[in-house]
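**Q** Supplied in structure tokens, the structure appears directly below.
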Protein chains: 2
Amino acid sequence: MNEMLINKKYMKYLKYRIGLLLAFALCAQFSFAETGYRLWLRYDKIENLALLAQYRSQIKSVNFEAKSEMAGVAKKEILLALNGLLGKQINFSTSNPASLIIGTPESSPAIKAIITKNRLPNAADGFLIKSLFLNGQQKIIISSTTDKGVLYGVFHFIRLLQANMPLANLNINELPAIKNRILNHWDNLDGTVERGYAGSSLWEWHKLPGFTPTRYTDYARANSSIGINGTVLNNVNANALSLTVPYLIKTATLAKIFRPYGIKVYLSARFSAPIEIGGLKTADPLDPQVKQWWIDKAKEIYQYIPDFGGFLVKANSEGQPGPQNYGRNHADGANMLADALSPFGGIVMWRAFVYDDKVPDDRAKQAYNEFKLLDGKFKPNVLVQIKNGAIDFQPREPFHPLFGAMPATPLMMEFQLTQEYLGFSTHLAYLGTMFKETLTADTHSKGEGSTVAKVISGKLDGHQLSAIAGVANIGSDVNWCGHPFAQSNWYTYGRLAWNPEFSADQLADEWIRLTFTNDKSAVTGIKKMMMDSRETIVNYMTPLGLHHIMARNHHYGPGPWVKDAGRDDWTSVYYHKADSVGIGFNRTATGSNAVAQYFPEVAKQFGDVKQVPEKYLLWFHRLKWSDKLSSGNTLWNELVAHYYDGVKVVDSMQVLWTGMKGKVDDDRHQEVSQLLKIQYEEAKWWRDACLLYFQSFSKLPLPAGYEKPKHDLAYYQNLRFYFVPGIKN
Amino acid sequence: MNEMLINKKYMKYLKYRIGLLLAFALCAQFSFAETGYRLWLRYDKIENLALLAQYRSQIKSVNFEAKSEMAGVAKKEILLALNGLLGKQINFSTSNPASLIIGTPESSPAIKAIITKNRLPNAADGFLIKSLFLNGQQKIIISSTTDKGVLYGVFHFIRLLQANMPLANLNINELPAIKNRILNHWDNLDGTVERGYAGSSLWEWHKLPGFTPTRYTDYARANSSIGINGTVLNNVNANALSLTVPYLIKTATLAKIFRPYGIKVYLSARFSAPIEIGGLKTADPLDPQVKQWWIDKAKEIYQYIPDFGGFLVKANSEGQPGPQNYGRNHADGANMLADALSPFGGIVMWRAFVYDDKVPDDRAKQAYNEFKLLDGKFKPNVLVQIKNGAIDFQPREPFHPLFGAMPATPLMMEFQLTQEYLGFSTHLAYLGTMFKETLTADTHSKGEGSTVAKVISGKLDGHQLSAIAGVANIGSDVNWCGHPFAQSNWYTYGRLAWNPEFSADQLADEWIRLTFTNDKSAVTGIKKMMMDSRETIVNYMTPLGLHHIMARNHHYGPGPWVKDAGRDDWTSVYYHKADSVGIGFNRTATGSNAVAQYFPEVAKQFGDVKQVPEKYLLWFHRLKWSDKLSSGNTLWNELVAHYYDGVKVVDSMQVLWTGMKGKVDDDRHQEVSQLLKIQYEEAKWWRDACLLYFQSFSKLPLPAGYEKPKHDLAYYQNLRFYFVPGIKN
């Protein structure tokens, strides 16, 4: 007994000493302010000493014959990573038998000797990482048929080390599911960022082409590390100046920096550019002069940027010019540009987020109505870029009915990483769960299993061309994304673009290990915060299928009362339709019949109030306040429960995060603590403002046990904010 | 002989090996991208191994009993610095006899035992750093009568280590010459920065008060380390919203972060705020309601910010409202605010950069004309804030005639660190030489030696209140200032504000050592670039006293032809007056007689074309193109020589910098190389555009041997730029 006790005490003492040592190690490691600038590319020495020793014995020397610029950056990266992670200078050698062998069969005799080409992934971006024995010696190879695959393999291998994974039995054979994995920057030429909450634009247009700060390279490294291979540099609300020669020269300079990292640049093209910078009288896509102007422009662009990716176009939407100005349709517009780009291999990404002049009976139906009938009319190098849902990046939307509905057209996804509707950069919103919700949604377009992921990867309908876009949340903030956790959405977007089969849980796990810590309990705790976060936001903002009830214009905070906003489909009341009887948008056959845009199996489920998932309830159905839901609660009481639950979970997140003190660096710990506090206050604001407003119709009390709102409805309605970021003031 | 040879060879081999080792050490050290974020607060391990060993033996342990928050941050800083610079964990102890003892006599018994109060500097901010023997042991003490002095002492001591200075015989006794050492941020509430070339504003107003990223603390550390003790957070073109409660709460949060670093916050006050946010009908400073409004406002501000510094005011200048709108004068306006702030110890900094409705015969005379007669009319807590010269932060201006001319009024200096007229953030301009040129200028107001420095330190006229302001060049760019070398102006401004007696050379030396390297040849080379840089810019932009010939509005590039710009004194032709006969502004008695605003000794020198320093020639005199200058050249030929010399020196700077490759990190080396290239191109642009324009009057050829301009004058006149930073687009 006594001995046991002593042992226990001794163990406790040991733990205490180890704790102290760890604390000291952390202290030394964090001896400079932790700004978050390094993102997930942190190559600090492995803290687990046993593992460090093991890695060191497994990676004694590296054989990497880098002959191209791209191989050069891969080599630089692995050098940087190994020196940092292993805490010692790694020997690079081609003559000695190295333990880590990297390259293509073409560039590396060592690789060639080990592996024949046909055992490598059969895609330009794919790679193989394999541990094997050779002449009795353990080796690891990273190989691909191309330098680009090698680059991706190198980043993947680094990730394994950062996440403290074992290297003994590696046999990783990866290739990307989607061909073009693209960021969309809504960056204006004046340095502002539309819906940007992380400072100003990264692109210093004025100093380009002459000045290219280190940050541009770090941007490329970060993207390349997660497989992103394209970036649209300017806002979809585009300025035609971007297509003039001075700006093309600037863009070419960025392209040159990004090129060795496997990243192509694209530009948003202003449809009326032939008028604005071309001196023409029209931008009619069927006008021969207009066509010729774009043909010449494309030629000019490719002179400066031989691997230019292509155009992203927002046309006939929110005031942007487009083919409809000339009585033409979207295919006419897209095809004209496609013809101009086609000789050079460029693509057109034509957005389906469109408005016409008339306010529709149901805004949700617009894109489908305009595009469905154009299926098959687009040139082969056109993709239609569709937002995940039919409204506008709401905290939750059912998948867009166009997915699956245009089998003859390559469709691409547009996700929004910047949190326009999810708390800007002050709310902790891990969007991996949201992305997955859409990607795994089953369109039933070709029977069960016709997921959105399969539509956009091209697998379902046999398209070679495939793409995915994420509206970037990146700005000039030192930590890139404003909120330390917002980095996870950039990361997860890239990883899912590579492989939509990855789970949100797995990617959160990875990101935490790379960004914060490998400490098990910390990973578990932080992951819980992340995995719950988006549902929590839905709960305190727009539960049960509510949508588009934010403040107008700047979208900061709740605004369910918004009714005069230029056009009806820009108001909140248009979407929630609350009155004394009930709430919700009837999109069934008895209403707008938007459900009919889905395939029958889906339409049946969404259209039936008994079958529709409750998370989409008020999106598709109008209910009475007193209607009973699955919980047994009335609609009103359930709405209240969701709003209060949302706030409660933010409170728990705060508690969880407090427990992370000492397990992550103090600087970022404090930043996240502060942000969670803001989020908690704003969650209450959303809850109280929305419930008070809806209560003015339902006339029902809060069920017992809920704390009363601090203010009355008028207080919330009268709040005014100045200089809210993300819009032009 | 043979042996000698072998020895030489061996030495060469050794040098080669050491070179390799050093290269390796550098490589390891620079294993992450060098963004410049750390400014001059870089605490990397001392590279000189002998010195490192010596420092380690001199600083074995530290005794620092930190009882206040301010002492706490000083302790945190010395811990950070010693751990980094000495590369080992330093033992902190109060019981053991430590080798480095830090504190005030009040807080530290050890200090008390060593030193009595009266041997410490007799000023709140002063400090003593002294090496001494105690009981046969070498000690170093850092002490002051206040924690603030200790904080400054700690930063000074860290600087000694960073610059590899010996510690054996320290006896440093410093106190600041100027009481209030202030940064002026021309930052707008929407996140833009007027005349800002380093990204957007540091202040994330929307996320305040809840979110205070690490960067705010780093900003405070950087300022505190160079003795800056005040910051005006918002633009002098002020928005009254800054004075509303929501913004005061935000400002209070910043004040709280800056406070332990000895930094007070100030606000620019919009003179018409009583109308805009107070609901009054007037802002007349003699109106009792207006007075009461400001009294109440001041009271309110001090409730939120007990150590609020005071107001900076731009009134009746460039469209800003002011007392003249109500028929009152600047003293009436300033005194009203001074009365409101006075109970709380706040000050008013009233800018002398004023315009009235009428275009004057000589813009240079305006401030003197409006302010001179108000001397003695200001309340004791008012300072008049005067730009270094009478026009507007030109590359070179003679000192402002108001310095020395208002002995009954505390006058403060306004320097511009942001390079509005010196190449934005792409030209390498070390402004230490420019600051010194003004500070050492002799006003002769009380006989010889009545320097501008003595005027603003209050010494000359016996003022207790003294202050200096620098318009900040700081923004959201990762490296804070855009150009890596622009950091030196922030640094040098702070150091000169502490002590105007420091030389520009000495401060450049310090900054290079702290920021780049202690390598002797590198320090020498880089210092040469810095010391030559401002004169070089003067040469290729505005030699021989030319001024205000830049492009209009955005001020990017040359614009000597600017003539229609709203009012005549906003044009270039108003200032250079070039015609077929000659060039220059006659400010002598036969002209505007601006020279008469100076004291007789100065007026005589400036007013005499034989005596005036040639650098001010065309500022004060109008000459014929054919007039002979001291070099024997005609004015035209001398002008040409200056312009070409400016470009030539930029070329030499490029060569010098190329030689620094490997002596500084690659990342910043590349950035500076790129910027020098831009500067070289823009220097040629300035030279060619200005000379072609002036040539259209002089009709004289370029002397032999000069390369011809690449384009004709029309080309330069027709250049158009969009989205130039620093102004609202």
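Chain labels follow the order of the structure tokens: the first chain is A, the next B, and so on; residue numbering restarts at 1 in every chain, and ligands are counted from 1 in their shown order.
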Quick one: everything within 8 Å of Tyr693 of chain B, counting only C-alpha atoms, minus sequence neighbours fewer than 3 positions away in the same chain. Send it as a list in words.

**A**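 Residues meeting the cut-off are Pro560, Trp561, Ala689, Cys690, Ser696, Phe697 and Leu713 of chain B.
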
**Q** Can you work out which residues from chain A touch chain B at a cut-off of 6 Å (counting only C-alpha atoms) and hand them back as a PyMOL selection string?

**A** chain A and resi 190+210-211+213+478+671+674+678+723

**Q** Export, as an mmCIF file, in the first residue's frame, the selected residues with all heavy atoms.

**A**
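The new file result28.cif reads:
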```cif
data_model
loop_
_atom_site.group_PDB
_atom_site.id
_atom_site.type_symbol
_atom_site.label_atom_id
_atom_site.label_comp_id
_atom_site.auth_asym_id
_atom_site.auth_seq_id
_atom_site.Cartn_x
_atom_site.Cartn_y
_atom_site.Cartn_z
ATOM 1 N N ASP A 190 -8.150 48.927 -55.621
ATOM 2 C CA ASP A 190 -7.764 49.972 -54.668
ATOM 3 C C ASP A 190 -7.307 49.388 -53.333
ATOM 4 O O ASP A 190 -7.059 50.130 -52.389
ATOM 5 C CB ASP A 190 -8.907 50.963 -54.453
ATOM 6 C CG ASP A 190 -10.109 50.331 -53.757
ATOM 7 O OD1 ASP A 190 -10.072 49.118 -53.463
ATOM 8 O OD2 ASP A 190 -11.095 51.035 -53.503
ATOM 9 N N GLY A 210 7.336 45.644 -59.893
ATOM 10 C CA GLY A 210 8.699 45.714 -59.363
ATOM 11 C C GLY A 210 8.912 45.024 -58.036
ATOM 12 O O GLY A 210 9.956 44.421 -57.796
ATOM 13 N N PHE A 211 7.916 45.107 -57.172
ATOM 14 C CA PHE A 211 8.124 44.648 -55.798
ATOM 15 C C PHE A 211 7.251 43.445 -55.489
ATOM 16 O O PHE A 211 6.032 43.493 -55.624
ATOM 17 C CB PHE A 211 7.809 45.792 -54.836
ATOM 18 C CG PHE A 211 8.024 45.446 -53.388
ATOM 19 C CD1 PHE A 211 9.272 45.061 -52.929
ATOM 20 C CD2 PHE A 211 6.973 45.512 -52.476
ATOM 21 C CE1 PHE A 211 9.476 44.748 -51.589
ATOM 22 C CE2 PHE A 211 7.173 45.196 -51.132
ATOM 23 C CZ PHE A 211 8.423 44.820 -50.699
ATOM 24 N N PRO A 213 6.987 41.139 -52.314
ATOM 25 C CA PRO A 213 7.445 40.772 -50.968
ATOM 26 C C PRO A 213 7.381 39.260 -50.733
ATOM 27 O O PRO A 213 6.624 38.541 -51.403
ATOM 28 C CB PRO A 213 6.489 41.516 -50.049
ATOM 29 C CG PRO A 213 5.290 41.835 -50.879
ATOM 30 C CD PRO A 213 5.804 41.989 -52.281
ATOM 31 N N VAL A 478 -1.674 39.998 -40.259
ATOM 32 C CA VAL A 478 -0.463 39.188 -40.098
ATOM 33 C C VAL A 478 -0.817 37.701 -40.096
ATOM 34 O O VAL A 478 -0.095 36.892 -40.659
ATOM 35 C CB VAL A 478 0.286 39.543 -38.800
ATOM 36 C CG1 VAL A 478 1.519 38.673 -38.640
ATOM 37 C CG2 VAL A 478 0.713 41.004 -38.824
ATOM 38 N N GLU A 671 -5.860 35.663 -28.134
ATOM 39 C CA GLU A 671 -6.647 36.164 -29.269
ATOM 40 C C GLU A 671 -7.956 35.389 -29.410
ATOM 41 O O GLU A 671 -9.018 35.976 -29.566
ATOM 42 C CB GLU A 671 -5.826 36.078 -30.573
ATOM 43 C CG GLU A 671 -4.693 37.092 -30.623
ATOM 44 C CD GLU A 671 -3.951 37.122 -31.961
ATOM 45 O OE1 GLU A 671 -4.261 36.294 -32.844
ATOM 46 O OE2 GLU A 671 -3.075 37.982 -32.117
ATOM 47 N N GLN A 674 -10.445 36.159 -26.655
ATOM 48 C CA GLN A 674 -11.125 37.438 -26.903
ATOM 49 C C GLN A 674 -12.204 37.290 -27.969
ATOM 50 O O GLN A 674 -13.305 37.819 -27.841
ATOM 51 C CB GLN A 674 -10.110 38.483 -27.369
ATOM 52 C CG GLN A 674 -9.123 38.920 -26.304
ATOM 53 C CD GLN A 674 -8.172 39.995 -26.836
ATOM 54 O OE1 GLN A 674 -7.941 40.083 -28.036
ATOM 55 N NE2 GLN A 674 -7.627 40.801 -25.938
ATOM 56 N N ILE A 678 -16.349 37.891 -27.908
ATOM 57 C CA ILE A 678 -17.128 38.688 -28.868
ATOM 58 C C ILE A 678 -18.235 37.830 -29.458
ATOM 59 O O ILE A 678 -19.388 38.229 -29.558
ATOM 60 C CB ILE A 678 -16.217 39.215 -30.006
ATOM 61 C CG1 ILE A 678 -15.196 40.219 -29.464
ATOM 62 C CG2 ILE A 678 -17.054 39.848 -31.119
ATOM 63 C CD1 ILE A 678 -14.185 40.688 -30.518
ATOM 64 N N PHE A 723 -18.539 52.122 -40.676
ATOM 65 C CA PHE A 723 -17.268 51.577 -41.121
ATOM 66 C C PHE A 723 -17.153 50.075 -40.870
ATOM 67 O O PHE A 723 -16.136 49.589 -40.393
ATOM 68 C CB PHE A 723 -16.106 52.316 -40.456
ATOM 69 C CG PHE A 723 -16.170 53.798 -40.637
ATOM 70 C CD1 PHE A 723 -16.352 54.649 -39.561
ATOM 71 C CD2 PHE A 723 -16.085 54.345 -41.905
ATOM 72 C CE1 PHE A 723 -16.438 56.018 -39.735
ATOM 73 C CE2 PHE A 723 -16.164 55.725 -42.092
ATOM 74 C CZ PHE A 723 -16.336 56.558 -40.999
#
```

**Q** Can you tell me which residues surround Gly705 of chain B at a distance of at most 12 Å, considering only C-alpha atoms, apart from same-chain residues fewer than 5 positions away, and format the answer as a list in words?

**A**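 Near Gly705 of chain B, the qualifying residues are Asn637, Val640, Ala641 and Tyr644 of chain B.
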
**Q** Could you write out that same residue set with C-alpha atoms as a PDB file, in the first residue's frame?

**A**
```pdb
ATOM      1  CA  ASN B 637      24.013  73.033 -66.228  1.00  0.00           C
ATOM      2  CA  VAL B 640      21.228  69.056 -64.941  1.00  0.00           C
ATOM      3  CA  ALA B 641      24.265  67.902 -62.953  1.00  0.00           C
ATOM      4  CA  TYR B 644      21.924  63.205 -63.161  1.00  0.00           C
TER       5      TYR B 644
END
```

**Q** Might you pull out every residue within 12 Å of His548 of chain B, with only C-alpha atoms counted and same-chain residues fewer than 5 positions away left off, and present them as an mmCIF file with N, CA and C atoms, in the first residue's frame?

**A**
```
data_model
loop_
_atom_site.group_PDB
_atom_site.id
_atom_site.type_symbol
_atom_site.label_atom_id
_atom_site.label_comp_id
_atom_site.auth_asym_id
_atom_site.auth_seq_id
_atom_site.Cartn_x
_atom_site.Cartn_y
_atom_site.Cartn_z
ATOM 1 N N ARG B 363 2.693 81.336 -50.255
ATOM 2 C CA ARG B 363 2.173 80.308 -49.340
ATOM 3 C C ARG B 363 3.112 80.091 -48.147
ATOM 4 N N ALA B 364 4.419 80.246 -48.372
ATOM 5 C CA ALA B 364 5.402 79.980 -47.320
ATOM 6 C C ALA B 364 5.233 80.923 -46.136
ATOM 7 N N ALA B 390 8.115 75.415 -44.193
ATOM 8 C CA ALA B 390 6.931 76.263 -44.325
ATOM 9 C C ALA B 390 5.974 75.803 -45.422
ATOM 10 N N ILE B 391 6.389 74.891 -46.267
ATOM 11 C CA ILE B 391 5.475 74.425 -47.307
ATOM 12 C C ILE B 391 4.809 73.126 -46.880
ATOM 13 N N ASP B 392 5.402 71.991 -47.206
ATOM 14 C CA ASP B 392 4.693 70.758 -46.838
ATOM 15 C C ASP B 392 5.574 69.522 -47.011
ATOM 16 N N PHE B 393 6.486 69.300 -46.078
ATOM 17 C CA PHE B 393 7.232 68.040 -46.037
ATOM 18 C C PHE B 393 7.971 67.736 -47.333
ATOM 19 N N GLN B 394 8.448 68.768 -48.004
ATOM 20 C CA GLN B 394 9.189 68.547 -49.242
ATOM 21 C C GLN B 394 10.509 67.822 -48.958
ATOM 22 N N PRO B 395 11.112 67.218 -49.988
ATOM 23 C CA PRO B 395 12.394 66.525 -49.778
ATOM 24 C C PRO B 395 13.407 67.426 -49.068
ATOM 25 N N ARG B 396 13.384 68.709 -49.411
ATOM 26 C CA ARG B 396 14.201 69.653 -48.615
ATOM 27 C C ARG B 396 13.449 70.964 -48.457
ATOM 28 N N GLU B 397 13.402 71.435 -47.240
ATOM 29 C CA GLU B 397 12.885 72.770 -46.951
ATOM 30 C C GLU B 397 13.795 73.419 -45.916
ATOM 31 N N GLU B 420 5.473 60.788 -48.166
ATOM 32 C CA GLU B 420 4.529 61.360 -49.130
ATOM 33 C C GLU B 420 5.253 61.994 -50.316
ATOM 34 N N TYR B 421 6.342 62.691 -50.025
ATOM 35 C CA TYR B 421 7.065 63.415 -51.074
ATOM 36 C C TYR B 421 8.461 62.832 -51.314
ATOM 37 N N LEU B 422 8.737 61.695 -50.716
ATOM 38 C CA LEU B 422 10.083 61.126 -50.847
ATOM 39 C C LEU B 422 10.038 59.691 -51.356
ATOM 40 N N VAL B 538 16.715 64.312 -53.037
ATOM 41 C CA VAL B 538 16.629 65.747 -53.317
ATOM 42 C C VAL B 538 17.187 66.011 -54.714
ATOM 43 N N MET B 541 14.821 64.712 -57.427
ATOM 44 C CA MET B 541 13.459 65.280 -57.387
ATOM 45 C C MET B 541 13.460 66.814 -57.391
ATOM 46 N N THR B 542 14.102 67.403 -56.413
ATOM 47 C CA THR B 542 13.987 68.852 -56.224
ATOM 48 C C THR B 542 15.319 69.474 -55.807
ATOM 49 N N PRO B 543 16.314 69.474 -56.714
ATOM 50 C CA PRO B 543 17.627 70.016 -56.323
ATOM 51 C C PRO B 543 17.608 71.542 -56.221
ATOM 52 N N ASN B 553 -2.489 65.798 -56.366
ATOM 53 C CA ASN B 553 -3.398 64.920 -55.641
ATOM 54 C C ASN B 553 -2.698 63.689 -55.033
ATOM 55 N N HIS B 555 0.361 62.727 -55.662
ATOM 56 C CA HIS B 555 1.774 63.075 -55.442
ATOM 57 C C HIS B 555 2.746 61.994 -55.903
ATOM 58 N N TYR B 556 2.280 61.101 -56.778
ATOM 59 C CA TYR B 556 3.145 60.039 -57.260
ATOM 60 C C TYR B 556 3.877 60.498 -58.511
ATOM 61 N N GLY B 557 5.164 60.678 -58.381
ATOM 62 C CA GLY B 557 5.972 61.050 -59.530
ATOM 63 C C GLY B 557 6.021 62.557 -59.766
ATOM 64 N N PRO B 558 6.790 62.947 -60.802
ATOM 65 C CA PRO B 558 6.992 64.370 -61.079
ATOM 66 C C PRO B 558 5.768 65.015 -61.713
ATOM 67 N N GLY B 559 5.609 66.304 -61.453
ATOM 68 C CA GLY B 559 4.520 67.060 -62.086
ATOM 69 C C GLY B 559 4.831 68.549 -62.123
ATOM 70 N N PRO B 560 6.023 68.926 -62.607
ATOM 71 C CA PRO B 560 6.383 70.349 -62.600
ATOM 72 C C PRO B 560 5.430 71.185 -63.458
ATOM 73 N N TRP B 561 4.691 70.510 -64.347
ATOM 74 C CA TRP B 561 3.765 71.204 -65.252
ATOM 75 C C TRP B 561 2.398 71.444 -64.637
ATOM 76 N N VAL B 562 2.164 70.966 -63.417
ATOM 77 C CA VAL B 562 0.823 71.077 -62.822
ATOM 78 C C VAL B 562 0.449 72.548 -62.660
ATOM 79 N N LYS B 563 -0.666 72.953 -63.294
ATOM 80 C CA LYS B 563 -1.042 74.347 -63.114
ATOM 81 C C LYS B 563 -2.508 74.568 -62.765
ATOM 82 N N ASP B 568 -4.133 78.260 -56.800
ATOM 83 C CA ASP B 568 -2.792 78.457 -57.348
ATOM 84 C C ASP B 568 -1.701 77.875 -56.457
ATOM 85 N N ASP B 569 -1.875 77.990 -55.133
ATOM 86 C CA ASP B 569 -0.798 77.487 -54.264
ATOM 87 C C ASP B 569 -0.854 75.968 -54.092
ATOM 88 N N TRP B 570 -1.684 75.306 -54.897
ATOM 89 C CA TRP B 570 -1.611 73.841 -54.991
ATOM 90 C C TRP B 570 -0.966 73.422 -56.318
ATOM 91 N N THR B 571 -0.501 74.371 -57.096
ATOM 92 C CA THR B 571 0.119 74.028 -58.379
ATOM 93 C C THR B 571 1.649 73.996 -58.245
ATOM 94 N N SER B 572 2.287 73.467 -59.252
ATOM 95 C CA SER B 572 3.747 73.467 -59.274
ATOM 96 C C SER B 572 4.293 74.784 -59.820
ATOM 97 N N VAL B 573 3.605 75.319 -60.831
ATOM 98 C CA VAL B 573 4.129 76.524 -61.492
ATOM 99 C C VAL B 573 4.183 77.702 -60.517
ATOM 100 N N TYR B 574 3.287 77.695 -59.542
ATOM 101 C CA TYR B 574 3.290 78.729 -58.497
ATOM 102 C C TYR B 574 4.618 78.726 -57.748
ATOM 103 N N TYR B 575 5.203 77.539 -57.614
ATOM 104 C CA TYR B 575 6.401 77.424 -56.770
ATOM 105 C C TYR B 575 7.709 77.541 -57.529
ATOM 106 N N HIS B 576 7.731 77.057 -58.799
ATOM 107 C CA HIS B 576 9.045 77.128 -59.464
ATOM 108 C C HIS B 576 9.165 78.352 -60.374
ATOM 109 N N LYS B 577 8.032 78.852 -60.847
ATOM 110 C CA LYS B 577 7.986 80.079 -61.647
ATOM 111 C C LYS B 577 8.952 80.074 -62.840
ATOM 112 N N GLY B 584 12.779 79.956 -60.163
ATOM 113 C CA GLY B 584 12.963 80.186 -58.732
ATOM 114 C C GLY B 584 11.958 81.171 -58.169
ATOM 115 N N PHE B 585 11.740 81.072 -56.869
ATOM 116 C CA PHE B 585 10.760 81.893 -56.170
ATOM 117 C C PHE B 585 11.528 82.994 -55.451
ATOM 118 N N LEU B 618 16.970 78.166 -55.055
ATOM 119 C CA LEU B 618 15.751 78.519 -55.800
ATOM 120 C C LEU B 618 14.532 78.616 -54.876
ATOM 121 N N TRP B 619 14.719 78.248 -53.629
ATOM 122 C CA TRP B 619 13.659 78.454 -52.626
ATOM 123 C C TRP B 619 13.502 79.958 -52.362
ATOM 124 N N CYS B 690 11.416 66.264 -65.293
ATOM 125 C CA CYS B 690 11.681 67.625 -64.814
ATOM 126 C C CYS B 690 12.596 68.374 -65.781
#
```

**Q** Near Ala352 of chain A, counting only C-alpha atoms, which residues have an atom at most 7 Å away, once you skip same-chain residues fewer than 3 positions from it, shown as a list in words?

**A**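 The filter keeps Ala367, Val384, Gln385 and Ile386 of chain A.
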
**Q** List every residue of segment 172-267 of chain B that DSSP, applied to the backbone of this structure, assigns to alpha helix (DSSP H), and report them as a PyMOL selection string.

**A** chain B and resi 214-225+245-258

**Q** Quote the spacing between atom CA of Asn388 of chain B and atom CA of Ala124 of chain B in Å to one decimal place.

**A**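 Answer for the atom CA of Asn388 of chain B to atom CA of Ala124 of chain B separation: 27.8 Å.
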
**Q** Which residues come within 6 Å of Gly322 of chain A, counting only C-alpha atoms, excluding same-chain residues fewer than 4 positions away, as a list in words?

**A**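 Close residues of Gly322 of chain A: Phe271, Ala315 and Asn316 of chain A.
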
**Q** Can you write out the residues you just picked, keeping all heavy atoms, as a PDB file, in the first residue's frame?

**A**
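File written: part-v7.pdb
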```
ATOM      1  N   PHE A 271     -17.507  42.132 -68.239  1.00  0.00           N
ATOM      2  CA  PHE A 271     -18.113  41.815 -69.534  1.00  0.00           C
ATOM      3  C   PHE A 271     -18.122  43.007 -70.483  1.00  0.00           C
ATOM      4  O   PHE A 271     -18.034  42.849 -71.704  1.00  0.00           O
ATOM      5  CB  PHE A 271     -19.532  41.270 -69.345  1.00  0.00           C
ATOM      6  CG  PHE A 271     -20.032  40.541 -70.552  1.00  0.00           C
ATOM      7  CD1 PHE A 271     -19.607  39.244 -70.826  1.00  0.00           C
ATOM      8  CD2 PHE A 271     -20.890  41.152 -71.461  1.00  0.00           C
ATOM      9  CE1 PHE A 271     -20.022  38.577 -71.967  1.00  0.00           C
ATOM     10  CE2 PHE A 271     -21.315  40.493 -72.602  1.00  0.00           C
ATOM     11  CZ  PHE A 271     -20.875  39.195 -72.853  1.00  0.00           C
ATOM     12  N   ALA A 315     -21.903  37.984 -64.586  1.00  0.00           N
ATOM     13  CA  ALA A 315     -22.599  38.772 -65.598  1.00  0.00           C
ATOM     14  C   ALA A 315     -24.086  38.795 -65.301  1.00  0.00           C
ATOM     15  O   ALA A 315     -24.650  37.812 -64.823  1.00  0.00           O
ATOM     16  CB  ALA A 315     -22.355  38.168 -66.987  1.00  0.00           C
ATOM     17  N   ASN A 316     -24.684  39.937 -65.583  1.00  0.00           N
ATOM     18  CA  ASN A 316     -26.117  40.103 -65.314  1.00  0.00           C
ATOM     19  C   ASN A 316     -26.475  39.653 -63.912  1.00  0.00           C
ATOM     20  O   ASN A 316     -27.347  38.806 -63.709  1.00  0.00           O
ATOM     21  CB  ASN A 316     -26.955  39.358 -66.366  1.00  0.00           C
ATOM     22  CG  ASN A 316     -26.774  39.973 -67.747  1.00  0.00           C
ATOM     23  OD1 ASN A 316     -26.347  39.309 -68.685  1.00  0.00           O
ATOM     24  ND2 ASN A 316     -27.046  41.261 -67.874  1.00  0.00           N
TER      25      ASN A 316
END
```

**Q** Could you pull the residues within 10 Å of Val647 of chain A, counting only C-alpha atoms, minus those fewer than 4 positions along the same chain, as a PyMOL selection string?

**A** chain A and resi 536-537+539-541+642-643+651-653+679-687

**Q** How many Å lie between atom CA of Thr145 of chain B and atom CA of Thr104 of chain B, rounded to one decimal?

**A** 5.5 Å
